[in-house]
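Accompanying notes for the structure given below.
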Amino acid sequence: QVQLVESGGGLVQAGGSLRLSCAASGGFFDINAMGWYRQAPGKQRVSVARITTGGSADYVDSVRGRFTISRDNAKNTVYLQMNSLKPEDTAVYYCSAEYRGMRSWGQGTQVTVSS
């Protein structure tokens, strides 16, 4: 089973930047795609960005042009570079890995954007 550990969350002012990291272990080469989801208080968890093994990336409309997802296969790590952050980006961000018809989740990292 793939284990995921996120890092890089924190508190930032609106307009600032953060980079989230997600380190995978226990089967990185079985992974088809990885992604970032977020869950704001009282709301459902939603997809933010996804990247396939081949490097094809997709984004939700609200972050396109501000966030960039990337992966470093040598380090078994996926990143989410978040620029021009807005208060509405405040949420717990979760890393996700899709492999062999299953999905693993990280523990989540809090991102808070102050106005």
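The chains in the structure tokens are called A, B, ... from first to last as shown; in each chain the residues are counted from 1, and the ligands are counted from 1 in the order shown.
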
Mind checking which residues fall within 12 Å of Asp58 in chain A, counting only C-alpha atoms, ignoring those fewer than 4 positions away in the same chain, and posting them as a short mmCIF file (atom, residue, chain, number, x, y, z; two decimals) with all heavy atoms, in the first residue's frame?
data_model
loop_
_atom_site.label_atom_id
_atom_site.label_comp_id
_atom_site.auth_asym_id
_atom_site.auth_seq_id
_atom_site.Cartn_x
_atom_site.Cartn_y
_atom_site.Cartn_z
N ALA A 33 -1.64 8.05 -11.06
CA ALA A 33 -1.78 9.50 -11.00
C ALA A 33 -1.76 9.93 -9.54
O ALA A 33 -2.09 9.15 -8.64
CB ALA A 33 -3.09 9.94 -11.65
N MET A 34 -1.37 11.18 -9.34
CA MET A 34 -1.42 11.75 -8.00
C MET A 34 -2.10 13.10 -8.07
O MET A 34 -2.13 13.73 -9.14
CB MET A 34 -0.01 11.90 -7.42
CG MET A 34 0.68 10.56 -7.22
SD MET A 34 2.25 10.70 -6.36
CE MET A 34 1.70 11.10 -4.70
N GLY A 35 -2.66 13.50 -6.96
CA GLY A 35 -3.38 14.76 -6.99
C GLY A 35 -3.44 15.42 -5.62
O GLY A 35 -3.03 14.83 -4.62
N TRP A 36 -3.95 16.61 -5.64
CA TRP A 36 -4.19 17.37 -4.43
C TRP A 36 -5.68 17.70 -4.34
O TRP A 36 -6.29 18.13 -5.33
CB TRP A 36 -3.38 18.67 -4.42
CG TRP A 36 -1.92 18.44 -4.23
CD1 TRP A 36 -0.97 18.30 -5.20
CD2 TRP A 36 -1.23 18.32 -2.98
NE1 TRP A 36 0.27 18.11 -4.64
CE2 TRP A 36 0.13 18.11 -3.27
CE3 TRP A 36 -1.62 18.37 -1.65
CZ2 TRP A 36 1.09 17.96 -2.27
CZ3 TRP A 36 -0.67 18.21 -0.66
CH2 TRP A 36 0.67 18.01 -0.97
N SER A 47 -11.37 18.10 -5.61
CA SER A 47 -10.10 18.00 -6.31
C SER A 47 -9.60 19.39 -6.70
O SER A 47 -10.36 20.25 -7.13
CB SER A 47 -10.27 17.15 -7.56
OG SER A 47 -9.07 17.09 -8.29
N VAL A 48 -8.31 19.60 -6.55
CA VAL A 48 -7.68 20.86 -6.91
C VAL A 48 -6.80 20.68 -8.15
O VAL A 48 -6.87 21.46 -9.09
CB VAL A 48 -6.82 21.38 -5.74
CG1 VAL A 48 -6.04 22.62 -6.16
CG2 VAL A 48 -7.70 21.68 -4.54
N ALA A 49 -5.98 19.65 -8.14
CA ALA A 49 -5.05 19.42 -9.25
C ALA A 49 -4.71 17.94 -9.29
O ALA A 49 -4.72 17.26 -8.26
CB ALA A 49 -3.79 20.26 -9.10
N ARG A 50 -4.38 17.47 -10.48
CA ARG A 50 -4.05 16.05 -10.68
C ARG A 50 -2.99 15.96 -11.75
O ARG A 50 -3.02 16.70 -12.73
CB ARG A 50 -5.31 15.28 -11.08
CG ARG A 50 -5.14 13.79 -11.34
CD ARG A 50 -6.48 13.18 -11.67
NE ARG A 50 -6.44 11.73 -11.89
CZ ARG A 50 -6.25 11.18 -13.08
NH1 ARG A 50 -6.09 11.94 -14.14
NH2 ARG A 50 -6.23 9.86 -13.19
N ILE A 51 -2.05 15.02 -11.57
CA ILE A 51 -1.01 14.81 -12.56
C ILE A 51 -0.83 13.33 -12.78
O ILE A 51 -0.79 12.53 -11.85
CB ILE A 51 0.32 15.49 -12.13
CG1 ILE A 51 1.36 15.41 -13.26
CG2 ILE A 51 0.87 14.87 -10.84
CD1 ILE A 51 2.55 16.32 -13.03
N THR A 52 -0.75 12.92 -14.05
CA THR A 52 -0.60 11.53 -14.39
C THR A 52 0.88 11.12 -14.43
O THR A 52 1.77 11.97 -14.35
CB THR A 52 -1.21 11.23 -15.76
OG1 THR A 52 -0.44 11.92 -16.76
CG2 THR A 52 -2.66 11.69 -15.83
N SER A 62 -10.88 27.26 -10.46
CA SER A 62 -10.60 28.32 -9.49
C SER A 62 -9.11 28.49 -9.18
O SER A 62 -8.72 29.52 -8.61
CB SER A 62 -11.36 28.04 -8.19
OG SER A 62 -10.98 26.80 -7.63
N VAL A 63 -8.28 27.50 -9.53
CA VAL A 63 -6.84 27.62 -9.25
C VAL A 63 -5.99 27.66 -10.50
O VAL A 63 -4.78 27.89 -10.43
CB VAL A 63 -6.35 26.48 -8.32
CG1 VAL A 63 -7.23 26.36 -7.09
CG2 VAL A 63 -6.28 25.15 -9.07
N ARG A 64 -6.61 27.40 -11.65
CA ARG A 64 -5.83 27.36 -12.89
C ARG A 64 -5.14 28.70 -13.12
O ARG A 64 -5.74 29.75 -13.02
CB ARG A 64 -6.73 27.00 -14.07
CG ARG A 64 -5.95 26.75 -15.37
CD ARG A 64 -6.86 26.24 -16.47
NE ARG A 64 -7.32 24.87 -16.20
CZ ARG A 64 -8.58 24.55 -15.94
NH1 ARG A 64 -9.49 25.50 -15.91
NH2 ARG A 64 -8.91 23.30 -15.71
N GLY A 65 -3.85 28.64 -13.43
CA GLY A 65 -3.07 29.85 -13.63
C GLY A 65 -2.39 30.35 -12.37
O GLY A 65 -1.49 31.18 -12.44
N PHE A 67 -1.95 27.86 -9.45
CA PHE A 67 -1.34 26.68 -8.86
C PHE A 67 -0.67 25.85 -9.95
O PHE A 67 -1.15 25.78 -11.08
CB PHE A 67 -2.37 25.81 -8.16
CG PHE A 67 -2.99 26.40 -6.93
CD1 PHE A 67 -2.79 27.72 -6.55
CD2 PHE A 67 -3.79 25.61 -6.11
CE1 PHE A 67 -3.35 28.25 -5.41
CE2 PHE A 67 -4.37 26.11 -4.97
CZ PHE A 67 -4.15 27.44 -4.62
N THR A 68 0.42 25.18 -9.57
CA THR A 68 1.11 24.29 -10.48
C THR A 68 1.44 22.99 -9.76
O THR A 68 2.09 23.02 -8.70
CB THR A 68 2.41 24.91 -11.01
OG1 THR A 68 2.11 26.14 -11.67
CG2 THR A 68 3.10 23.96 -12.00
N ILE A 69 1.01 21.88 -10.33
CA ILE A 69 1.33 20.57 -9.78
C ILE A 69 2.49 19.98 -10.57
O ILE A 69 2.56 20.13 -11.79
CB ILE A 69 0.11 19.63 -9.79
CG1 ILE A 69 0.41 18.34 -9.02
CG2 ILE A 69 -0.36 19.34 -11.21
CD1 ILE A 69 -0.82 17.46 -8.81
N SER A 70 3.41 19.33 -9.87
CA SER A 70 4.55 18.71 -10.54
C SER A 70 4.97 17.47 -9.74
O SER A 70 4.57 17.31 -8.59
CB SER A 70 5.72 19.69 -10.65
OG SER A 70 6.16 20.10 -9.37
#

For Arg71 in chain A: contacts at 9 Å, only C-alpha atoms, fewer than 2 positions along chain excluded, given as a PyMOL selection string = chain A and resi 34+51+53+55+69+73-80

Do you have the CA of Lys86 in chain A-CA of Val111 in chain A distance handy?
->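 If I compute the distance from CA of Lys86 in chain A to CA of Val111 in chain A, I get 10.7 Å.
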
Measure the distance from CA of Leu11 in chain A to CA of Gln44 in chain A in Å and round it to one decimal.
->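 So the two atoms, CA of Leu11 in chain A and CA of Gln44 in chain A, lie 21.5 Å apart.
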
Gly27 in chain A: which residues within 9 Å, counting only C-alpha atoms, same-chain residues fewer than 6 positions away excluded, as a PyMOL selection string?
-> chain A and resi 1-3+99

So that I have them on file, write out the residues from the current selection with all heavy atoms, as a short mmCIF file (atom, residue, chain, number, x, y, z; two decimals), in the first residue's frame.
data_model
loop_
_atom_site.label_atom_id
_atom_site.label_comp_id
_atom_site.auth_asym_id
_atom_site.auth_seq_id
_atom_site.Cartn_x
_atom_site.Cartn_y
_atom_site.Cartn_z
N GLN A 1 0.84 -1.19 0.00
CA GLN A 1 0.00 0.00 0.00
C GLN A 1 0.88 1.24 0.00
O GLN A 1 1.91 1.29 0.66
CB GLN A 1 -0.91 0.01 1.23
CG GLN A 1 -1.91 1.14 1.22
CD GLN A 1 -2.90 1.02 2.37
OE1 GLN A 1 -2.88 0.05 3.11
NE2 GLN A 1 -3.75 2.01 2.50
N VAL A 2 0.42 2.24 -0.74
CA VAL A 2 1.16 3.49 -0.83
C VAL A 2 0.87 4.36 0.38
O VAL A 2 -0.29 4.56 0.75
CB VAL A 2 0.79 4.24 -2.12
CG1 VAL A 2 1.46 5.61 -2.16
CG2 VAL A 2 1.18 3.42 -3.35
N GLN A 3 1.91 4.85 1.01
CA GLN A 3 1.76 5.81 2.12
C GLN A 3 2.19 7.18 1.64
O GLN A 3 3.16 7.32 0.89
CB GLN A 3 2.62 5.39 3.32
CG GLN A 3 2.17 4.11 4.01
CD GLN A 3 2.77 2.88 3.36
OE1 GLN A 3 3.92 2.85 3.01
NE2 GLN A 3 1.94 1.85 3.20
N TYR A 99 -3.72 4.01 -7.60
CA TYR A 99 -2.91 2.88 -8.01
C TYR A 99 -3.70 1.60 -7.91
O TYR A 99 -4.42 1.39 -6.95
CB TYR A 99 -1.65 2.78 -7.14
CG TYR A 99 -1.92 2.50 -5.69
CD1 TYR A 99 -1.70 1.23 -5.15
CD2 TYR A 99 -2.41 3.49 -4.83
CE1 TYR A 99 -1.97 0.96 -3.83
CE2 TYR A 99 -2.67 3.22 -3.50
CZ TYR A 99 -2.44 1.96 -3.00
OH TYR A 99 -2.71 1.70 -1.70
#

Check the smallest atom-to-atom distance from each of A:Lys43, A:Tyr37, A:Asp72, A:Phe29 to Gln107 in chain A using only C-alpha atoms, then report the winner.
->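 Selected residue with least distance to Gln107 in chain A: A:Tyr37.
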
So what do you get for CA of Tyr59 in chain A versus CA of Ser25 in chain A, distance-wise?
->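 According to the coordinates, CA of Tyr59 in chain A and CA of Ser25 in chain A are separated by 24.5 Å.
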
Residues within 12 Å of Ser115 in chain A, only C-alpha atoms, excluding chain neighbours under 3 positions, as a list of chain:residue names =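 Listed by chain and then number, they are A:Leu11, A:Val12, A:Gln13, A:Ala14, A:Gly15, A:Gly16, A:Ser84, A:Leu85, A:Lys86, A:Pro87, A:Glu88, A:Asp89, A:Thr90, A:Thr112.
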
Please identify which residues in chain A DSSP calls helix (DSSP H, G or I) from the backbone, and express them as JSON, numbers by chain.
-> {"A": [28, 29, 30, 73, 74, 75, 87, 88, 89]}

Would you write out those residues with C-alpha atoms, as an mmCIF file, in the first residue's frame?
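Result written to again11.cif:
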data_model
loop_
_atom_site.group_PDB
_atom_site.id
_atom_site.type_symbol
_atom_site.label_atom_id
_atom_site.label_comp_id
_atom_site.auth_asym_id
_atom_site.auth_seq_id
_atom_site.Cartn_x
_atom_site.Cartn_y
_atom_site.Cartn_z
ATOM 1 C CA PHE A 28 5.462 4.638 -5.961
ATOM 2 C CA PHE A 29 5.969 2.896 -9.308
ATOM 3 C CA ASP A 30 2.452 1.393 -9.159
ATOM 4 C CA ASN A 73 9.911 10.581 -9.782
ATOM 5 C CA ALA A 74 13.489 10.342 -8.504
ATOM 6 C CA LYS A 75 12.332 11.635 -5.107
ATOM 7 C CA PRO A 87 -8.600 33.722 1.469
ATOM 8 C CA GLU A 88 -10.951 31.286 -0.278
ATOM 9 C CA ASP A 89 -7.986 28.931 -0.746
#

Please provide the set of residues having any atom within 9 Å of Tyr94 in chain A, restricted to only C-alpha atoms, with same-chain residues fewer than 3 positions apart removed, written as JSON, numbers by chain.
-> {"A": [6, 22, 35, 36, 37, 38, 39, 45, 105, 106, 107, 108, 109, 110]}

Next, dump the selected residues to file, keeping only N, CA and C atoms, as a CSV table (one decimal), in the first residue's frame.
chain,number,residue,atom,x,y,z
A,6,GLU,N,2.3,14.6,3.7
A,6,GLU,CA,2.3,16.0,3.2
A,6,GLU,C,3.1,16.9,4.1
A,22,CYS,N,4.4,16.2,-1.2
A,22,CYS,CA,3.8,14.9,-0.8
A,22,CYS,C,4.8,13.8,-1.1
A,35,GLY,N,-2.7,13.5,-7.0
A,35,GLY,CA,-3.4,14.8,-7.0
A,35,GLY,C,-3.4,15.4,-5.6
A,36,TRP,N,-4.0,16.6,-5.6
A,36,TRP,CA,-4.2,17.4,-4.4
A,36,TRP,C,-5.7,17.7,-4.3
A,37,TYR,N,-6.2,17.5,-3.2
A,37,TYR,CA,-7.6,17.8,-2.9
A,37,TYR,C,-7.6,18.8,-1.7
A,38,ARG,N,-8.7,19.5,-1.5
A,38,ARG,CA,-8.8,20.4,-0.3
A,38,ARG,C,-10.2,20.3,0.2
A,39,GLN,N,-10.3,20.6,1.5
A,39,GLN,CA,-11.6,20.6,2.2
A,39,GLN,C,-11.6,21.7,3.2
A,45,ARG,N,-14.8,17.6,0.4
A,45,ARG,CA,-13.4,17.5,-0.2
A,45,ARG,C,-13.5,17.6,-1.7
A,105,TRP,N,-4.6,8.2,0.8
A,105,TRP,CA,-4.7,9.7,1.2
A,105,TRP,C,-3.6,9.9,2.2
A,106,GLY,N,-3.1,11.2,2.1
A,106,GLY,CA,-2.2,11.6,3.2
A,106,GLY,C,-3.0,12.1,4.4
A,107,GLN,N,-2.3,12.6,5.4
A,107,GLN,CA,-3.0,13.0,6.6
A,107,GLN,C,-3.5,14.4,6.5
A,108,GLY,N,-3.1,15.2,5.5
A,108,GLY,CA,-3.6,16.5,5.3
A,108,GLY,C,-2.7,17.6,5.9
A,109,THR,N,-2.7,18.8,5.3
A,109,THR,CA,-1.9,19.9,5.8
A,109,THR,C,-2.7,21.2,5.7
A,110,GLN,N,-2.7,21.9,6.8
A,110,GLN,CA,-3.6,23.1,6.8
A,110,GLN,C,-2.9,24.3,6.1
